[in-house]
Structures are given as structure tokens and as C-alpha cells.
Amino acid sequence: MSKIKPSQGAPYARIMGVGGYRPTRVVPNEVILETIDSSDEWIRSRSGIATRHWASEQETVAAMSVEASGKAIADAGITPEQIGAVIVSTVSHFKQTPAIATEIAHKVGAGRPAAFDISAGCAGFGYGLTLAKGMIVEGSAAYVLVIGVERLSDLTDLSDRATAFLFGDGAGAVVVGPSKVPAIGPTVWGSEGDKSETIKQTVAWDTFHAERPEKFPAITQEGQAVFRWAVFEMAKVAQQALDAAGISPEDLDVFIPHQANMRIIDSMVKTLKLPEHVTVARDVETTGNTSAASIPLAMERLLATGQAKSGDTALVIGFGAGLVYAATVVTLP
């Protein structure tokens, strides 16, 4: 017989609060057109993006995260000291170690929580949310701060006509805590490593250090391959998440997909046959693709503008470099 004491956590977990931060500088398509041969009409038709936010030198990954986290903690109605773990999803914190989560935890006043970074690209928020849910139910933390944050302007090749207009900066955060009823459904997640080259960093850090190429590493992608994969495969994953949660499209109030591209969002809505009453996040138009930050940022905006309300049932799905994905159904805070 085991002598190990069993874990004792909450029966379920839920998102208790959400916060977001968008850099003050708004960059319209006209600025992008200074370095690529294109047009505002072409960019909008291909991506649905009209503007994006780019961070200043002062708006670091840590600074943006702290701002978003403070809002999420206040929205959750808890104190920073109650945070037992901090999970940060990002691909644009350039120090391999230490994790930026430790700095953020200190700056928000969380005391001495578990703190670590994850790298799951645009699916990172879903990965972090799933880990946080497990911590709450397992009992290793009473409250978990999950942050998606990116400064993708640092990894954008402004001469690349295929990607120069896509990326933006920002941070989104949620507090996950205990719940007496199910409020975060089972996660459908996975990866397709045979397609890992479709979205990638142009040069590895060690290669950059050794050879010093003329250009700093940037993010590149095979646009058509990514589009086809996202439209056809991710709609299936989204449906699997609905099925796993026992939710039908008619039961949904809100759909919050990763804000990669308006055409992908529209195609997923059509493939999933979502009813007209379902509110669809389209934050990509004014925020661009912010990778791990896109879902919590879109969630925060929907709630702030009244397009969604506390208690709504939402399907969230992230997908990106790897190729990785994560989808689940949640109750909005």
C-alpha cells in the first residue's frame, strides 16, 4: 500500500479574471508598405489586418506582461500573494535562461510561486491554460497566472512580402482558480512535427552567433500550406473539443480562435457551421497576429466591449509553429 498522501485540489478549475495590454504605437498598413511592394487592399484581402501594435523599447515582454497580469489579478478579485504559479507562453523572450516568468512573478508581487516559460507558439495560451487547470485540480496551486506575450516586431522581416504585415505585439493574461462546477473542458491538443518547417525561425540562435548573417533571425512561413492546414485540420480539432466538452455549436455563445488571419477565421466558422448568434472574435483586424497573446487579448476585448459577457460558453483554439494546436471550451470570467 502506498505511503504517499494523495493530492487534494479543487474539483474543477475556471478562468476567474482576464487582462490585456496593447502597445501604445498603432501601425497602419501604410507603414508596412514602405518596405514591401504591396497595397492596403491586398493586405486587407489576404489577412483582414488594417493595423497592429508595435512595442517601444520600454514596452518589454516583462513590462507588457506585468500590465496585463495586474488587470487579470484585479479582475479575478484576488491578491498577487495568492498566486501559486506563473506560466508564460512566448517565443520572443530572447534569453534562454532564466525564464521571464520568474521576473514577472516578482514584479506583480506574487511572492515565491512556481514560475516557468513554455514555447508552443500560437497554441501557447491553450497549453498554459491546460497546465494551470491541472495544477488547480491536483492541488499544487490555489491560483495560477497564465500569460501569453509577444514582441513579434522583433522577429519580423519587414522586407518579406508574405509576412511583414502579419505580426503585432501585446500581452494577455488570465487567472485560473478553483471552481465547484466544470468551467474548462477537456483539451484537445497535439502536434504534427512532419510539418514543422512550414512556420519557423529563419536562422537558429547558434547559427546566428557563429556566422553573423546580415539579417537578424525572423519568422517565416509557407502561407498556403499553413492556411490549408488551419482551415481543414483545425476545424476538426475544434469540433473534437466541442464533442469532448459535450457542447454543440448551438450551445456556444462565443468563438475565440487564434487571431492569425481573417480568412482562416471565416473559413472555420463556415466549416463548423456556427449559428449566427455565436459571437466571433475578430481582433486580428486591429491587433494583427500576436501569437500566444492573441486569444487572451481577444477575450479581454470581447468582454470589455460587451460583445461577450461573464458566464458565456466559449470555444477557444490556438494553432501555429510546430505545428501544434490546443482547443478547449471554457466559461468566460
# chains A, B, ... in the order shown; residues from 1 in each chain; ligands from 1

$ select_by_dssp --residues "range 85-240 of chain A" --states "strand (DSSP E)" --output "PyMOL selection string"
chain A and resi 85-89+114-118+144-151+169-179+188-191+199-201+219-221

$ residues_around --residues "range 226-230 of chain A" --least-positions-apart "2" --cutoff "8 Å" --atoms "only C-alpha atoms" --output "PyMOL selection string"
chain A and resi 198-199+221-224+232-235+264+319

$ closest_residue --among "A:Gly128, A:Gly177, A:Gly84, A:Gly172" --to "Ala63 in chain A" --atoms "only C-alpha atoms"
A:Gly172

$ atom_distance --atom1 "CA of Thr156 in chain A" --atom2 "CA of Pro217 in chain A"
8.4 Å

$ closest_residue --among "A:Ile104, A:Ala321, A:Ala114, A:Ala162" --to "Ile147 in chain A" --atoms "only C-alpha atoms"
A:Ile104

$ atom_distance --atom1 "CA of Asp75 in chain A" --atom2 "CA of Leu332 in chain A"
12.1 Å

$ residues_around --residues "Lys71 in chain A" --least-positions-apart "4" --cutoff "8 Å" --atoms "only C-alpha atoms" --output "PyMOL selection string"
chain A and resi 18-20+67+75

$ closest_residue --among "A:Thr286, A:Ser159, A:Ser191, A:Gln58" --to "Ala298 in chain A" --atoms "only C-alpha atoms"
A:Thr286

$ atom_distance --atom1 "CA of Ser45 in chain A" --atom2 "CA of Asp283 in chain A"
15.6 Å

$ residues_around --residues "Leu158 in chain A" --least-positions-apart "5" --cutoff "8 Å" --atoms "only C-alpha atoms" --output "PDB file with all heavy atoms, in the first residue's frame"
ATOM      1  N   ILE A  32       3.766  49.549 -43.330  1.00  0.00           N
ATOM      2  CA  ILE A  32       4.286  48.288 -43.867  1.00  0.00           C
ATOM      3  C   ILE A  32       4.621  48.445 -45.349  1.00  0.00           C
ATOM      4  O   ILE A  32       5.609  47.878 -45.850  1.00  0.00           O
ATOM      5  CB  ILE A  32       3.263  47.157 -43.683  1.00  0.00           C
ATOM      6  CG1 ILE A  32       2.810  47.063 -42.223  1.00  0.00           C
ATOM      7  CG2 ILE A  32       3.827  45.834 -44.162  1.00  0.00           C
ATOM      8  CD1 ILE A  32       3.914  46.770 -41.246  1.00  0.00           C
ATOM      9  N   THR A  35       8.157  49.234 -47.017  1.00  0.00           N
ATOM     10  CA  THR A  35       9.255  48.269 -47.192  1.00  0.00           C
ATOM     11  C   THR A  35       8.890  47.074 -48.060  1.00  0.00           C
ATOM     12  O   THR A  35       9.754  46.243 -48.350  1.00  0.00           O
ATOM     13  CB  THR A  35       9.729  47.754 -45.822  1.00  0.00           C
ATOM     14  OG1 THR A  35       8.603  47.235 -45.089  1.00  0.00           O
ATOM     15  CG2 THR A  35      10.384  48.871 -45.017  1.00  0.00           C
ATOM     16  N   ILE A  36       7.627  46.946 -48.459  1.00  0.00           N
ATOM     17  CA  ILE A  36       7.250  45.853 -49.363  1.00  0.00           C
ATOM     18  C   ILE A  36       6.415  46.408 -50.516  1.00  0.00           C
ATOM     19  O   ILE A  36       5.752  47.439 -50.386  1.00  0.00           O
ATOM     20  CB  ILE A  36       6.443  44.743 -48.646  1.00  0.00           C
ATOM     21  CG1 ILE A  36       5.122  45.288 -48.062  1.00  0.00           C
ATOM     22  CG2 ILE A  36       7.279  44.052 -47.586  1.00  0.00           C
ATOM     23  CD1 ILE A  36       4.191  44.214 -47.533  1.00  0.00           C
ATOM     24  N   THR A 163       5.054  37.976 -44.955  1.00  0.00           N
ATOM     25  CA  THR A 163       4.825  38.011 -43.506  1.00  0.00           C
ATOM     26  C   THR A 163       4.962  39.383 -42.869  1.00  0.00           C
ATOM     27  O   THR A 163       4.582  39.557 -41.706  1.00  0.00           O
ATOM     28  CB  THR A 163       5.812  37.065 -42.792  1.00  0.00           C
ATOM     29  OG1 THR A 163       7.154  37.517 -43.047  1.00  0.00           O
ATOM     30  CG2 THR A 163       5.662  35.629 -43.273  1.00  0.00           C
ATOM     31  N   ALA A 164       5.491  40.368 -43.576  1.00  0.00           N
ATOM     32  CA  ALA A 164       5.791  41.673 -42.972  1.00  0.00           C
ATOM     33  C   ALA A 164       4.571  42.332 -42.338  1.00  0.00           C
ATOM     34  O   ALA A 164       4.697  43.069 -41.357  1.00  0.00           O
ATOM     35  CB  ALA A 164       6.392  42.600 -44.023  1.00  0.00           C
ATOM     36  N   PHE A 165       3.399  42.071 -42.875  1.00  0.00           N
ATOM     37  CA  PHE A 165       2.171  42.731 -42.411  1.00  0.00           C
ATOM     38  C   PHE A 165       1.433  41.960 -41.328  1.00  0.00           C
ATOM     39  O   PHE A 165       0.454  42.457 -40.755  1.00  0.00           O
ATOM     40  CB  PHE A 165       1.212  42.935 -43.600  1.00  0.00           C
ATOM     41  CG  PHE A 165       0.856  41.654 -44.314  1.00  0.00           C
ATOM     42  CD1 PHE A 165      -0.219  40.889 -43.909  1.00  0.00           C
ATOM     43  CD2 PHE A 165       1.614  41.214 -45.395  1.00  0.00           C
ATOM     44  CE1 PHE A 165      -0.536  39.704 -44.565  1.00  0.00           C
ATOM     45  CE2 PHE A 165       1.308  40.040 -46.059  1.00  0.00           C
ATOM     46  CZ  PHE A 165       0.225  39.276 -45.638  1.00  0.00           C
TER      47      PHE A 165
END

$ residues_around --residues "Trp54 in chain A" --least-positions-apart "5" --cutoff "6 Å" --atoms "only C-alpha atoms" --output "VMD selection string"
chain A and resid 23 25 168 to 169

$ write_last_selection --atoms "C-alpha atoms" --output "CSV table (one decimal), in the first residue's frame"
chain,number,residue,atom,x,y,z
A,23,PRO,CA,1.5,48.8,-27.0
A,25,ARG,CA,2.0,52.7,-31.0
A,168,GLY,CA,1.9,42.5,-33.8
A,169,ASP,CA,2.9,42.9,-30.1

$ residues_around --residues "Lys107 in chain A" --least-positions-apart "2" --cutoff "9 Å" --atoms "only C-alpha atoms" --output "list of chain:residue names"
A:Ala62, A:Ala63, A:Val66, A:Thr102, A:Glu103, A:Ile104, A:Ala105, A:Gly109, A:Ala110

$ write_last_selection --atoms "N, CA, C and O atoms" --output "mmCIF file, in the first residue's frame"
data_model
loop_
_atom_site.group_PDB
_atom_site.id
_atom_site.type_symbol
_atom_site.label_atom_id
_atom_site.label_comp_id
_atom_site.auth_asym_id
_atom_site.auth_seq_id
_atom_site.Cartn_x
_atom_site.Cartn_y
_atom_site.Cartn_z
ATOM 1 N N ALA A 62 8.464 41.633 -20.386
ATOM 2 C CA ALA A 62 8.126 41.665 -18.963
ATOM 3 C C ALA A 62 7.167 42.809 -18.634
ATOM 4 O O ALA A 62 6.174 42.614 -17.919
ATOM 5 N N ALA A 63 7.431 43.994 -19.157
ATOM 6 C CA ALA A 63 6.601 45.161 -18.841
ATOM 7 C C ALA A 63 5.167 44.973 -19.324
ATOM 8 O O ALA A 63 4.210 45.275 -18.595
ATOM 9 N N VAL A 66 3.419 42.373 -17.086
ATOM 10 C CA VAL A 66 3.057 42.894 -15.767
ATOM 11 C C VAL A 66 1.774 43.718 -15.847
ATOM 12 O O VAL A 66 0.882 43.610 -14.985
ATOM 13 N N THR A 102 9.849 34.194 -13.988
ATOM 14 C CA THR A 102 10.328 34.496 -12.645
ATOM 15 C C THR A 102 10.368 36.000 -12.402
ATOM 16 O O THR A 102 9.997 36.481 -11.329
ATOM 17 N N GLU A 103 10.816 36.759 -13.399
ATOM 18 C CA GLU A 103 10.855 38.221 -13.283
ATOM 19 C C GLU A 103 9.452 38.794 -13.173
ATOM 20 O O GLU A 103 9.187 39.690 -12.357
ATOM 21 N N ILE A 104 8.546 38.271 -13.995
ATOM 22 C CA ILE A 104 7.165 38.759 -13.977
ATOM 23 C C ILE A 104 6.515 38.460 -12.627
ATOM 24 O O ILE A 104 5.824 39.313 -12.050
ATOM 25 N N ALA A 105 6.727 37.248 -12.116
ATOM 26 C CA ALA A 105 6.159 36.873 -10.823
ATOM 27 C C ALA A 105 6.596 37.838 -9.729
ATOM 28 O O ALA A 105 5.787 38.272 -8.889
ATOM 29 N N GLY A 109 4.291 41.001 -7.668
ATOM 30 C CA GLY A 109 4.147 40.831 -6.223
ATOM 31 C C GLY A 109 3.597 39.484 -5.815
ATOM 32 O O GLY A 109 2.922 39.363 -4.784
ATOM 33 N N ALA A 110 3.917 38.462 -6.608
ATOM 34 C CA ALA A 110 3.346 37.138 -6.341
ATOM 35 C C ALA A 110 4.089 36.354 -5.270
ATOM 36 O O ALA A 110 3.692 35.237 -4.938
#

$ select_by_dssp --residues "range 38-253 of chain A" --states "helix (DSSP H, G or I)" --output "ChimeraX atom specification"
/A:40-47,61-76,80-82,100-107,121-138,152-155,193-198,205-211,223-245,249-251

$ closest_residue --among "A:Lys133, A:Lys95, A:Lys270, A:Lys309" --to "Pro178 in chain A" --atoms "only C-alpha atoms"
A:Lys133

$ residues_around --residues "Ala50 in chain A" --least-positions-apart "6" --cutoff "10 Å" --atoms "only C-alpha atoms" --output "number ranges by chain"
A: 27-30, 40-41, 43-44, 165-166, 284-288

$ closest_atom_pairs --of "range 104-155 of chain A" --to "range 4-17 of chain A" --cutoff "6 Å" --atoms "only C-alpha atoms" --output "Markdown table"
| residue | atom | partner | partner_atom | distance |
| --- | --- | --- | --- | --- |
| A:Lys133 | CA | A:Ala13 | CA | 5.6 |
| A:Ile136 | CA | A:Gly9 | CA | 5.9 |
| A:Val137 | CA | A:Gly9 | CA | 4.6 |
| A:Glu138 | CA | A:Gly9 | CA | 4.8 |
| A:Gly139 | CA | A:Gly9 | CA | 3.5 |

$ closest_residue --among "A:Thr90, A:Gln259, A:Ser267, A:Ser179" --to "Asn289 in chain A" --atoms "only C-alpha atoms"
A:Gln259
